[in-house]
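Okay, so here's the structure we're looking at.
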Amino acid sequence: MFKIAVLCSGKSRGSNLKAMHDYFSEHKLPVEVSFVIRTAKIAPITEVCESLDIKCYHIPYKSAEQFEEETLDVIHSNGIQIVALAGFLKKLSPVFIRDVAVPILNIHPALLPNYGGSGMYGMAVHKAVYNSGATVSGASVHLVDSNYDHGEIIAQKVVDLKDCILPEDIAKKVLAAEHSLYGKAIWEYLKSIYS
Ligand code: GRF
């Protein structure tokens, strides 16, 4: 069984967590989400974890050093093979990325390398896409390095924006694309590095 850990913040709704969990179980894949780590005491993702019977650890982000040290302990003591970010908004340090010693993936709600970087999360991304007049957007899964939304892109899904009237319409369409992309991308990546 491949073991993955999911990191998220207080804003995470847990919709990507649920989508990846459903993808692994519907396809009977040997992948388990061993636990979720959340930085916020109260976060909607706790309810999703309860419904899926996934442990949800609260590690407050008092400082980068303290958060990363505690997170490394939990990841290492559970034999995690991939860390997946889902709405995790903090930058991870080069030391953490080195010491965790397993790949860290992230999903971003746009077609990187465009519309990424500091401040580009949530509706800010979709408003920027909307204001640019782009006719397509999409979702990107990439390896995490110590710059926001910057590491190697491993999977993308494009969506057509023809029928989108508002930035909220783009958000809805892109989120659906994320749900069909992340679990599959994690599985393909796991196979490519561990087989
Ligand atoms: C997603 O839009 C993802 O692209 C971004 O954070 C959001 C998390 O949403 N990195 P959810 O918690 O999975 O619903």
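Please note that chains go A, B, ... in the order of the structure tokens, that every chain numbers its residues from 1, and that ligands are numbered from 1 in the order shown.
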Query - Contacts of ligand 1, 9 Å or closer, only C-alpha atoms and all ligand atoms, given as JSON, numbers by chain - result: {"A": [8, 9, 10, 11, 12, 13, 14, 15, 16, 17, 18, 19, 44, 45, 85, 86, 87, 88, 89, 106, 107, 108, 109, 110, 121, 122, 123, 139, 140, 141, 171, 174, 175, 178, 179]}
Query - Non-local contacts of A:Asp99 (12 Å; only C-alpha atoms; under 6 positions in same chain excluded) as a PyMOL selection string - result: chain A and resi 68-69+71-73+75-76+92-93
Requested in this report: Enumerate, as an NGL selection string, the complete set of residues in stretch 106-183 of chain A that a backbone-based DSSP assignment places in strand (DSSP E).
Outcome: :A and (106-108 or 136-143 or 153-160)
Query raised in the report: In stretch 26-193 of chain A, what's helix (DSSP H, G or I) per DSSP? Answer as a ChimeraX atom specification?
Result: /A:26,45-52,64-77,94-100,123-132,167-193
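Atom to atom, atom CA of A:Glu168 and atom CA of A:Pro113 stand 21.5 Å apart.
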Leaving out A:Gly119 and any residue of its chain fewer than 6 positions from it, which residues lie within 12 Å of it when counting only C-alpha atoms, given as a short mmCIF file (atom, residue, chain, number, x, y, z; two decimals) with C-alpha atoms, in the first residue's frame?
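Saved as result16.cif:
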data_model
loop_
_atom_site.label_atom_id
_atom_site.label_comp_id
_atom_site.auth_asym_id
_atom_site.auth_seq_id
_atom_site.Cartn_x
_atom_site.Cartn_y
_atom_site.Cartn_z
CA LEU A 89 -0.93 28.32 1.71
CA LYS A 90 2.47 28.52 3.42
CA LYS A 91 5.81 28.33 1.64
CA VAL A 125 -6.50 33.35 -9.60
CA ALA A 128 -6.90 37.33 -12.98
CA TYR A 148 5.25 29.39 -4.90
CA ASP A 149 3.71 27.35 -7.75
#
Query raised in the report: How far is it from atom CA of A:Ile104 to atom CA of A:Ala5, in Å with one decimal?
Result: 9.5 Å
Report task. Go ahead and compute the interatomic distance for atom CA of A:Asn114 and atom CA of A:His126, in Å to one decimal. Result -> 11.6 Å
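Of the residues under consideration (A:Gly133, A:Lys162, A:Lys157, A:Lys41), A:Lys157 shows the shortest atom-to-atom contact distance to A:Ser180 when counting only C-alpha atoms.
With only C-alpha atoms as the basis for measurement, A:Asp145 is the residue among A:Asp160, A:Glu70, A:Asp145, A:Pro167 that approaches A:Arg98 most closely.
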Query raised in the report: Do you know which residues are at most 9 Å from A:Ile42 counting only C-alpha atoms, after dropping those on the same chain fewer than 4 positions away, and could you put them as number ranges by chain?
Result: A: 10, 38, 46, 58
Could you write those residues out with all heavy atoms, as a PDB file, in the first residue's frame?
ATOM      1  N   GLY A  10      -6.538  26.462   6.925  1.00  0.00           N
ATOM      2  CA  GLY A  10      -7.894  26.660   7.430  1.00  0.00           C
ATOM      3  C   GLY A  10      -8.927  26.870   6.343  1.00  0.00           C
ATOM      4  O   GLY A  10     -10.109  26.665   6.540  1.00  0.00           O
ATOM      5  N   ARG A  38      -3.499  19.794   9.273  1.00  0.00           N
ATOM      6  CA  ARG A  38      -4.077  21.122   9.028  1.00  0.00           C
ATOM      7  C   ARG A  38      -3.410  22.137   9.955  1.00  0.00           C
ATOM      8  O   ARG A  38      -3.072  21.813  11.092  1.00  0.00           O
ATOM      9  CB  ARG A  38      -5.596  21.108   9.239  1.00  0.00           C
ATOM     10  CG  ARG A  38      -6.011  20.843  10.657  1.00  0.00           C
ATOM     11  CD  ARG A  38      -7.534  20.780  10.796  1.00  0.00           C
ATOM     12  NE  ARG A  38      -7.943  21.063  12.162  1.00  0.00           N
ATOM     13  CZ  ARG A  38      -7.931  20.166  13.153  1.00  0.00           C
ATOM     14  NH1 ARG A  38      -7.520  18.932  12.934  1.00  0.00           N
ATOM     15  NH2 ARG A  38      -8.313  20.529  14.364  1.00  0.00           N
ATOM     16  N   THR A  46     -11.854  19.078   8.517  1.00  0.00           N
ATOM     17  CA  THR A  46     -11.959  18.099   9.615  1.00  0.00           C
ATOM     18  C   THR A  46     -13.210  17.240   9.439  1.00  0.00           C
ATOM     19  O   THR A  46     -13.186  16.041   9.690  1.00  0.00           O
ATOM     20  CB  THR A  46     -11.996  18.788  11.000  1.00  0.00           C
ATOM     21  OG1 THR A  46     -12.945  19.824  10.956  1.00  0.00           O
ATOM     22  CG2 THR A  46     -10.663  19.329  11.398  1.00  0.00           C
ATOM     23  N   HIS A  58      -3.841  18.451  13.915  1.00  0.00           N
ATOM     24  CA  HIS A  58      -3.731  19.907  13.909  1.00  0.00           C
ATOM     25  C   HIS A  58      -2.317  20.285  14.345  1.00  0.00           C
ATOM     26  O   HIS A  58      -1.924  20.035  15.488  1.00  0.00           O
ATOM     27  CB  HIS A  58      -4.774  20.495  14.883  1.00  0.00           C
ATOM     28  CG  HIS A  58      -4.620  21.957  15.079  1.00  0.00           C
ATOM     29  ND1 HIS A  58      -4.810  22.570  16.293  1.00  0.00           N
ATOM     30  CD2 HIS A  58      -4.271  22.941  14.208  1.00  0.00           C
ATOM     31  CE1 HIS A  58      -4.597  23.865  16.157  1.00  0.00           C
ATOM     32  NE2 HIS A  58      -4.275  24.115  14.914  1.00  0.00           N
TER      33      HIS A  58
END
Query raised in the report: Smallest atom-to-atom distance to A:Glu188: which of A:Ala155, A:Leu52, A:Val33, A:His27, using only C-alpha atoms?
Result: A:Ala155
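For the set A:Ala176, A:Val36, A:Ile82, A:Cys49, the residue with the smallest atom-to-atom gap to A:Leu190 is A:Ile82, counting only C-alpha atoms.
Shortest atom-to-atom contact with A:Ala124 among A:Ile170, A:Ile59, A:Val6, A:Val159: A:Ile170, counting only C-alpha atoms.
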